[in-house]
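Student: Sharing a structure here in structure tokens format.
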Amino acid sequence: MQKISIAAVAVIIAISLYFTLFWGYDAYRILTSPSYGLEDVWRSQFIFAIGRLLGFGPVGLIKLAAFFGALKLAVACICALHIADRFRCMMRGDANSEILDAGLILVVLISIASIGPAAWTHSTDLVREHTMQLLFAGLAIALCIVERNYIRRNEPAATAVAPSGNAH
């Protein structure tokens with residue numbers, strides 16, 4: 001079981017590194033663009049779809065695109081912090097994966113919002129990209145759950161044995 005735990009940690013770190021690099025770059029591209037990434041029509045389809053659903057005008061679409069760029073930057077930072085926490089904890093103890101779980105839930109939500117418009121326009125490359133991100137996030141969440149259960153199961157039972165005796 002120890003080898004499974006080491007493999008799970010390695011996969012979690014690899015997935016965190018993936019989201020740090022790719023979503024960090026995507027957030028940088030979105031947030032430094034004058035139109036917040038809307039010039040890339042294929043990658044911003046979900047912004048247009050959500051904006052159409054909510055009845056946003058041009059300014060609303062730009063604000064929505066900036067919001068999703070900021071969310072991607074937040075996920076990239078959360079994953080980078082988790083990687084740093086993992087390396088810090090190699091010396092001291094167990095890493096806290098609850099923050100990573102929150103970041104990965106954001107990944108799941110953004111990926112689900114992105115898959116719909118990509119499938120609607122029959123863009124197989126975008127569907128594949130967002131599906132892979134969704135699967136990576138789901139795998140990392142599942143491995144974090146397995147790791148937490150493994151740690152809980154292997155913690156020493158700290159049950160205090162009450163002395164038996166009569167109190168008169």
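Identifiers in the structure tokens: chain A, B, ... in order shown; residue index from 1 per chain; ligand index from 1 in order shown.
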Hey, what's within 10 Å of Leu38 of chain A if we count only C-alpha atoms and toss same-chain stuff fewer than 2 positions away? As a list in words, please?
Tutor: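 Result of the neighbour search: Ile30, Ser33, Pro34, Ser35, Tyr36, Asp40, Val41, Trp42, Arg43, Ser44, Gln45, Ile47, Phe48, Leu61, Ile62, Ala65 and Ala66 of chain A.
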Student: Which polymer residues have any atom within 8 Å of an atom of Gly138 of chain A, counting only C-alpha atoms, with same-chain residues fewer than 4 positions away left out, as a PyMOL selection string?
Tutor: chain A and resi 104+108+134+142
Student: Take the residues just selected and output them with N, CA and C atoms as an mmCIF file, in the first residue's frame.
Tutor:
data_model
loop_
_atom_site.group_PDB
_atom_site.id
_atom_site.type_symbol
_atom_site.label_atom_id
_atom_site.label_comp_id
_atom_site.auth_asym_id
_atom_site.auth_seq_id
_atom_site.Cartn_x
_atom_site.Cartn_y
_atom_site.Cartn_z
ATOM 1 N N LEU A 104 -9.326 22.222 -7.768
ATOM 2 C CA LEU A 104 -9.724 21.228 -8.769
ATOM 3 C C LEU A 104 -11.232 21.228 -8.997
ATOM 4 N N VAL A 108 -13.132 21.535 -12.560
ATOM 5 C CA VAL A 108 -14.266 20.721 -13.000
ATOM 6 C C VAL A 108 -15.407 21.619 -13.490
ATOM 7 N N LEU A 134 -10.953 17.799 -17.481
ATOM 8 C CA LEU A 134 -11.955 17.304 -16.546
ATOM 9 C C LEU A 134 -11.529 15.966 -15.944
ATOM 10 N N ALA A 142 -9.845 12.223 -6.808
ATOM 11 C CA ALA A 142 -9.991 10.850 -6.318
ATOM 12 C C ALA A 142 -8.729 10.384 -5.591
#
Student: Give the helix (DSSP H, G or I) residues of segment 19-127 of chain A, as assigned by DSSP on the backbone, as a tab-separated table (two decimals) with N, CA, C and O atoms, in the first residue's frame.
Tutor:
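Done, and the output landed in states_30.tsv:
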chain	number	residue	atom	x	y	z
A	19	PHE	N	-1.71	21.81	-14.39
A	19	PHE	CA	-2.61	22.95	-14.27
A	19	PHE	C	-1.86	24.24	-13.95
A	19	PHE	O	-2.28	25.32	-14.37
A	20	THR	N	-0.75	24.15	-13.23
A	20	THR	CA	0.05	25.34	-12.96
A	20	THR	C	0.58	25.91	-14.26
A	20	THR	O	0.48	27.13	-14.50
A	21	LEU	N	1.14	25.06	-15.10
A	21	LEU	CA	1.76	25.54	-16.33
A	21	LEU	C	0.73	25.95	-17.39
A	21	LEU	O	0.78	27.07	-17.92
A	22	PHE	N	-0.19	25.06	-17.70
A	22	PHE	CA	-1.10	25.31	-18.81
A	22	PHE	C	-2.17	26.34	-18.47
A	22	PHE	O	-2.46	27.23	-19.27
A	23	TRP	N	-2.76	26.24	-17.28
A	23	TRP	CA	-3.77	27.22	-16.92
A	23	TRP	C	-3.12	28.55	-16.54
A	23	TRP	O	-3.71	29.60	-16.73
A	24	GLY	N	-1.90	28.51	-16.03
A	24	GLY	CA	-1.18	29.75	-15.75
A	24	GLY	C	-0.89	30.50	-17.04
A	24	GLY	O	-1.06	31.72	-17.12
A	25	TYR	N	-0.43	29.76	-18.06
A	25	TYR	CA	-0.17	30.39	-19.36
A	25	TYR	C	-1.46	30.92	-19.97
A	25	TYR	O	-1.49	32.02	-20.53
A	26	ASP	N	-2.53	30.13	-19.88
A	26	ASP	CA	-3.80	30.55	-20.45
A	26	ASP	C	-4.31	31.80	-19.73
A	26	ASP	O	-4.82	32.73	-20.36
A	27	ALA	N	-4.17	31.84	-18.41
A	27	ALA	CA	-4.59	33.03	-17.65
A	27	ALA	C	-3.75	34.23	-18.03
A	27	ALA	O	-4.28	35.34	-18.19
A	28	TYR	N	-2.45	34.03	-18.21
A	28	TYR	CA	-1.57	35.12	-18.63
A	28	TYR	C	-2.00	35.65	-20.00
A	28	TYR	O	-2.08	36.86	-20.22
A	29	ARG	N	-2.29	34.73	-20.91
A	29	ARG	CA	-2.72	35.12	-22.26
A	29	ARG	C	-4.04	35.89	-22.21
A	29	ARG	O	-4.21	36.91	-22.88
A	30	ILE	N	-4.97	35.42	-21.39
A	30	ILE	CA	-6.28	36.08	-21.29
A	30	ILE	C	-6.15	37.45	-20.63
A	30	ILE	O	-6.69	38.45	-21.13
A	31	LEU	N	-5.43	37.52	-19.52
A	31	LEU	CA	-5.39	38.76	-18.76
A	31	LEU	C	-4.50	39.83	-19.38
A	31	LEU	O	-4.62	41.01	-19.04
A	32	THR	N	-3.59	39.46	-20.28
A	32	THR	CA	-2.76	40.46	-20.94
A	32	THR	C	-3.30	40.87	-22.30
A	32	THR	O	-2.76	41.79	-22.92
A	45	GLN	N	-15.52	30.23	-26.82
A	45	GLN	CA	-16.91	29.91	-27.15
A	45	GLN	C	-17.78	29.83	-25.91
A	45	GLN	O	-18.93	30.26	-25.92
A	46	PHE	N	-17.24	29.30	-24.82
A	46	PHE	CA	-18.06	29.16	-23.62
A	46	PHE	C	-18.38	30.52	-23.01
A	46	PHE	O	-19.42	30.70	-22.40
A	47	ILE	N	-17.50	31.51	-23.22
A	47	ILE	CA	-17.78	32.87	-22.74
A	47	ILE	C	-18.99	33.43	-23.51
A	47	ILE	O	-19.91	33.99	-22.90
A	48	PHE	N	-18.98	33.24	-24.82
A	48	PHE	CA	-20.10	33.72	-25.63
A	48	PHE	C	-21.38	32.98	-25.28
A	48	PHE	O	-22.46	33.58	-25.24
A	49	ALA	N	-21.29	31.68	-25.03
A	49	ALA	CA	-22.49	30.89	-24.70
A	49	ALA	C	-23.07	31.32	-23.35
A	49	ALA	O	-24.29	31.50	-23.21
A	50	ILE	N	-22.22	31.48	-22.35
A	50	ILE	CA	-22.70	31.91	-21.03
A	50	ILE	C	-23.24	33.33	-21.10
A	50	ILE	O	-24.27	33.65	-20.51
A	51	GLY	N	-22.53	34.20	-21.85
A	51	GLY	CA	-23.00	35.58	-22.02
A	51	GLY	C	-24.35	35.64	-22.71
A	51	GLY	O	-25.21	36.46	-22.35
A	52	ARG	N	-24.55	34.76	-23.70
A	52	ARG	CA	-25.84	34.71	-24.40
A	52	ARG	C	-26.93	34.24	-23.45
A	52	ARG	O	-28.04	34.78	-23.46
A	53	LEU	N	-26.63	33.26	-22.63
A	53	LEU	CA	-27.61	32.76	-21.66
A	53	LEU	C	-28.01	33.83	-20.66
A	53	LEU	O	-29.18	33.93	-20.28
A	54	LEU	N	-27.04	34.61	-20.21
A	54	LEU	CA	-27.29	35.62	-19.19
A	54	LEU	C	-27.67	36.97	-19.78
A	54	LEU	O	-27.94	37.91	-19.03
A	58	PRO	N	-21.61	43.56	-24.91
A	58	PRO	CA	-20.16	43.50	-25.13
A	58	PRO	C	-19.33	43.75	-23.87
A	58	PRO	O	-18.35	43.05	-23.62
A	59	VAL	N	-19.73	44.72	-23.07
A	59	VAL	CA	-18.98	45.01	-21.83
A	59	VAL	C	-19.12	43.85	-20.85
A	59	VAL	O	-18.16	43.46	-20.19
A	60	GLY	N	-20.29	43.27	-20.78
A	60	GLY	CA	-20.51	42.12	-19.90
A	60	GLY	C	-19.68	40.92	-20.33
A	60	GLY	O	-19.17	40.18	-19.49
A	61	LEU	N	-19.55	40.72	-21.65
A	61	LEU	CA	-18.72	39.62	-22.15
A	61	LEU	C	-17.25	39.82	-21.78
A	61	LEU	O	-16.57	38.87	-21.39
A	62	ILE	N	-16.78	41.05	-21.88
A	62	ILE	CA	-15.38	41.32	-21.52
A	62	ILE	C	-15.16	41.09	-20.03
A	62	ILE	O	-14.16	40.50	-19.62
A	63	LYS	N	-16.11	41.52	-19.21
A	63	LYS	CA	-15.99	41.29	-17.76
A	63	LYS	C	-16.05	39.80	-17.44
A	63	LYS	O	-15.32	39.32	-16.58
A	64	LEU	N	-16.90	39.06	-18.14
A	64	LEU	CA	-16.98	37.62	-17.92
A	64	LEU	C	-15.69	36.92	-18.33
A	64	LEU	O	-15.21	36.02	-17.63
A	65	ALA	N	-15.11	37.36	-19.46
A	65	ALA	CA	-13.84	36.78	-19.90
A	65	ALA	C	-12.73	37.08	-18.90
A	65	ALA	O	-11.91	36.21	-18.59
A	66	ALA	N	-12.70	38.30	-18.36
A	66	ALA	CA	-11.71	38.65	-17.34
A	66	ALA	C	-11.92	37.82	-16.08
A	66	ALA	O	-10.95	37.39	-15.44
A	67	PHE	N	-13.17	37.57	-15.72
A	67	PHE	CA	-13.48	36.75	-14.55
A	67	PHE	C	-12.94	35.33	-14.73
A	67	PHE	O	-12.31	34.78	-13.82
A	68	PHE	N	-13.18	34.74	-15.89
A	68	PHE	CA	-12.68	33.39	-16.12
A	68	PHE	C	-11.16	33.35	-16.22
A	68	PHE	O	-10.52	32.38	-15.81
A	69	GLY	N	-10.56	34.41	-16.74
A	69	GLY	CA	-9.10	34.49	-16.73
A	69	GLY	C	-8.55	34.55	-15.31
A	69	GLY	O	-7.55	33.90	-14.98
A	70	ALA	N	-9.23	35.31	-14.46
A	70	ALA	CA	-8.81	35.39	-13.05
A	70	ALA	C	-9.01	34.05	-12.35
A	70	ALA	O	-8.19	33.65	-11.51
A	71	LEU	N	-10.09	33.34	-12.68
A	71	LEU	CA	-10.30	32.00	-12.09
A	71	LEU	C	-9.18	31.04	-12.51
A	71	LEU	O	-8.69	30.26	-11.70
A	72	LYS	N	-8.79	31.11	-13.77
A	72	LYS	CA	-7.71	30.23	-14.24
A	72	LYS	C	-6.39	30.59	-13.55
A	72	LYS	O	-5.62	29.69	-13.20
A	73	LEU	N	-6.15	31.87	-13.34
A	73	LEU	CA	-4.95	32.28	-12.62
A	73	LEU	C	-5.00	31.78	-11.18
A	73	LEU	O	-3.99	31.31	-10.65
A	74	ALA	N	-6.17	31.86	-10.55
A	74	ALA	CA	-6.31	31.37	-9.17
A	74	ALA	C	-6.05	29.87	-9.09
A	74	ALA	O	-5.36	29.40	-8.17
A	75	VAL	N	-6.57	29.11	-10.04
A	75	VAL	CA	-6.33	27.67	-10.06
A	75	VAL	C	-4.85	27.38	-10.25
A	75	VAL	O	-4.28	26.51	-9.55
A	76	ALA	N	-4.19	28.10	-11.14
A	76	ALA	CA	-2.75	27.90	-11.37
A	76	ALA	C	-1.96	28.21	-10.10
A	76	ALA	O	-1.04	27.47	-9.74
A	77	CYS	N	-2.32	29.28	-9.41
A	77	CYS	CA	-1.62	29.63	-8.15
A	77	CYS	C	-1.89	28.59	-7.06
A	77	CYS	O	-0.97	28.24	-6.32
A	78	ILE	N	-3.12	28.12	-6.97
A	78	ILE	CA	-3.45	27.09	-5.97
A	78	ILE	C	-2.63	25.83	-6.24
A	78	ILE	O	-2.08	25.23	-5.31
A	79	CYS	N	-2.54	25.43	-7.48
A	79	CYS	CA	-1.76	24.22	-7.81
A	79	CYS	C	-0.27	24.44	-7.54
A	79	CYS	O	0.41	23.54	-7.04
A	80	ALA	N	0.25	25.63	-7.84
A	80	ALA	CA	1.67	25.93	-7.55
A	80	ALA	C	1.92	25.90	-6.04
A	80	ALA	O	2.94	25.37	-5.59
A	81	LEU	N	0.99	26.45	-5.27
A	81	LEU	CA	1.14	26.42	-3.81
A	81	LEU	C	1.08	25.00	-3.29
A	81	LEU	O	1.79	24.64	-2.34
A	82	HIS	N	0.25	24.18	-3.90
A	82	HIS	CA	0.16	22.78	-3.46
A	82	HIS	C	1.47	22.04	-3.75
A	82	HIS	O	1.92	21.25	-2.93
A	83	ILE	N	2.07	22.31	-4.91
A	83	ILE	CA	3.36	21.68	-5.23
A	83	ILE	C	4.41	22.11	-4.21
A	83	ILE	O	5.17	21.28	-3.70
A	84	ALA	N	4.45	23.39	-3.89
A	84	ALA	CA	5.40	23.88	-2.89
A	84	ALA	C	5.13	23.25	-1.54
A	84	ALA	O	6.07	22.88	-0.81
A	85	ASP	N	3.85	23.09	-1.18
A	85	ASP	CA	3.49	22.47	0.09
A	85	ASP	C	3.91	21.00	0.12
A	85	ASP	O	4.38	20.50	1.14
A	86	ARG	N	3.77	20.31	-1.01
A	86	ARG	CA	4.20	18.90	-1.07
A	86	ARG	C	5.70	18.77	-0.84
A	86	ARG	O	6.15	17.90	-0.10
A	87	PHE	N	6.48	19.65	-1.49
A	87	PHE	CA	7.93	19.58	-1.30
A	87	PHE	C	8.34	19.99	0.11
A	87	PHE	O	9.27	19.44	0.67
A	88	ARG	N	7.63	20.95	0.70
A	88	ARG	CA	7.90	21.35	2.08
A	88	ARG	C	7.59	20.20	3.03
A	88	ARG	O	8.34	19.96	3.98
A	89	CYS	N	6.53	19.48	2.76
A	89	CYS	CA	6.11	18.42	3.65
A	89	CYS	C	6.91	17.13	3.50
A	89	CYS	O	6.76	16.22	4.30
A	90	MET	N	7.75	17.06	2.48
A	90	MET	CA	8.62	15.89	2.38
A	90	MET	C	9.57	15.83	3.57
A	90	MET	O	10.00	14.76	3.98
A	91	MET	N	9.87	16.99	4.13
A	91	MET	CA	10.77	17.05	5.27
A	91	MET	C	10.03	16.99	6.60
A	91	MET	O	10.55	16.47	7.58
A	92	ARG	N	8.82	17.54	6.64
A	92	ARG	CA	8.15	17.70	7.93
A	92	ARG	C	6.95	16.80	8.18
A	92	ARG	O	6.67	16.45	9.30
A	98	GLU	N	-6.62	19.96	0.94
A	98	GLU	CA	-7.96	20.52	0.87
A	98	GLU	C	-8.02	21.75	-0.02
A	98	GLU	O	-9.00	21.98	-0.72
A	99	ILE	N	-6.97	22.55	-0.04
A	99	ILE	CA	-6.94	23.72	-0.92
A	99	ILE	C	-6.87	23.26	-2.37
A	99	ILE	O	-7.53	23.82	-3.24
A	100	LEU	N	-6.08	22.22	-2.63
A	100	LEU	CA	-6.01	21.68	-3.99
A	100	LEU	C	-7.38	21.18	-4.43
A	100	LEU	O	-7.78	21.37	-5.58
A	101	ASP	N	-8.10	20.54	-3.52
A	101	ASP	CA	-9.44	20.06	-3.85
A	101	ASP	C	-10.34	21.21	-4.31
A	101	ASP	O	-11.08	21.08	-5.28
A	102	ALA	N	-10.25	22.34	-3.62
A	102	ALA	CA	-11.07	23.50	-4.00
A	102	ALA	C	-10.68	24.00	-5.39
A	102	ALA	O	-11.55	24.32	-6.21
A	103	GLY	N	-9.38	24.06	-5.66
A	103	GLY	CA	-8.93	24.48	-6.99
A	103	GLY	C	-9.37	23.52	-8.07
A	103	GLY	O	-9.77	23.94	-9.16
A	104	LEU	N	-9.33	22.22	-7.77
A	104	LEU	CA	-9.72	21.23	-8.77
A	104	LEU	C	-11.23	21.23	-9.00
A	104	LEU	O	-11.70	20.91	-10.10
A	105	ILE	N	-11.99	21.60	-7.98
A	105	ILE	CA	-13.44	21.74	-8.18
A	105	ILE	C	-13.71	22.89	-9.15
A	105	ILE	O	-14.60	22.80	-10.00
A	106	LEU	N	-12.93	23.97	-9.04
A	106	LEU	CA	-13.04	25.06	-10.02
A	106	LEU	C	-12.72	24.56	-11.42
A	106	LEU	O	-13.38	24.95	-12.40
A	107	VAL	N	-11.70	23.71	-11.53
A	107	VAL	CA	-11.35	23.15	-12.84
A	107	VAL	C	-12.52	22.34	-13.40
A	107	VAL	O	-12.86	22.47	-14.58
A	108	VAL	N	-13.13	21.54	-12.56
A	108	VAL	CA	-14.27	20.72	-13.00
A	108	VAL	C	-15.41	21.62	-13.49
A	108	VAL	O	-15.98	21.38	-14.56
A	109	LEU	N	-15.72	22.66	-12.73
A	109	LEU	CA	-16.82	23.54	-13.11
A	109	LEU	C	-16.53	24.28	-14.42
A	109	LEU	O	-17.40	24.37	-15.30
A	110	ILE	N	-15.32	24.80	-14.56
A	110	ILE	CA	-14.96	25.51	-15.79
A	110	ILE	C	-14.93	24.55	-16.98
A	110	ILE	O	-15.38	24.89	-18.07
A	111	SER	N	-14.44	23.33	-16.76
A	111	SER	CA	-14.39	22.35	-17.85
A	111	SER	C	-15.78	21.94	-18.30
A	111	SER	O	-16.04	21.81	-19.50
A	112	ILE	N	-16.68	21.76	-17.35
A	112	ILE	CA	-18.06	21.40	-17.71
A	112	ILE	C	-18.71	22.55	-18.48
A	112	ILE	O	-19.40	22.33	-19.48
A	113	ALA	N	-18.46	23.80	-18.03
A	113	ALA	CA	-19.01	24.95	-18.74
A	113	ALA	C	-18.41	25.08	-20.14
A	113	ALA	O	-19.05	25.62	-21.04
A	114	SER	N	-17.21	24.59	-20.33
A	114	SER	CA	-16.53	24.72	-21.63
A	114	SER	C	-16.89	23.59	-22.60
A	114	SER	O	-16.85	23.79	-23.82
A	115	ILE	N	-17.20	22.43	-22.08
A	115	ILE	CA	-17.48	21.28	-22.95
A	115	ILE	C	-18.77	21.47	-23.73
A	115	ILE	O	-18.85	21.12	-24.91
A	116	GLY	N	-19.78	22.03	-23.10
A	116	GLY	CA	-21.08	22.20	-23.75
A	116	GLY	C	-21.00	22.98	-25.06
A	116	GLY	O	-21.38	22.46	-26.12
A	117	PRO	N	-20.51	24.21	-25.03
A	117	PRO	CA	-20.41	24.97	-26.29
A	117	PRO	C	-19.46	24.33	-27.31
A	117	PRO	O	-19.70	24.42	-28.51
A	118	ALA	N	-18.41	23.69	-26.83
A	118	ALA	CA	-17.48	23.03	-27.76
A	118	ALA	C	-18.18	21.85	-28.47
A	118	ALA	O	-17.97	21.63	-29.66
A	119	ALA	N	-18.98	21.11	-27.74
A	119	ALA	CA	-19.72	20.00	-28.35
A	119	ALA	C	-20.81	20.52	-29.28
A	119	ALA	O	-21.08	19.93	-30.33
A	120	TRP	N	-21.45	21.62	-28.90
A	120	TRP	CA	-22.52	22.19	-29.71
A	120	TRP	C	-22.02	22.60	-31.08
A	120	TRP	O	-22.73	22.47	-32.08
A	124	THR	N	-14.16	19.05	-32.13
A	124	THR	CA	-13.65	17.86	-31.44
A	124	THR	C	-12.36	18.14	-30.68
A	124	THR	O	-12.12	17.55	-29.63
A	125	ASP	N	-11.52	19.04	-31.20
A	125	ASP	CA	-10.28	19.36	-30.50
A	125	ASP	C	-10.55	20.02	-29.15
A	125	ASP	O	-9.92	19.69	-28.15
A	126	LEU	N	-11.50	20.95	-29.11
A	126	LEU	CA	-11.82	21.61	-27.85
A	126	LEU	C	-12.51	20.64	-26.89
A	126	LEU	O	-12.26	20.67	-25.68
A	127	VAL	N	-13.40	19.79	-27.41
A	127	VAL	CA	-14.06	18.80	-26.55
A	127	VAL	C	-13.01	17.88	-25.93
A	127	VAL	O	-13.04	17.59	-24.73
Student: Measure the distance from atom CA of Val146 of chain A to atom CA of Ile15 of chain A in Å and round it to one decimal.
Tutor: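 One can read the atom CA of Val146 of chain A to atom CA of Ile15 of chain A distance as 15.5 Å.
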Student: Measuring between only C-alpha atoms, which one of A:Leu17, A:Ser97, A:Arg128, A:Phe56 shows the shortest distance to Ile141 of chain A?
Tutor: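 Smallest distance to Ile141 of chain A is found for A:Ser97.
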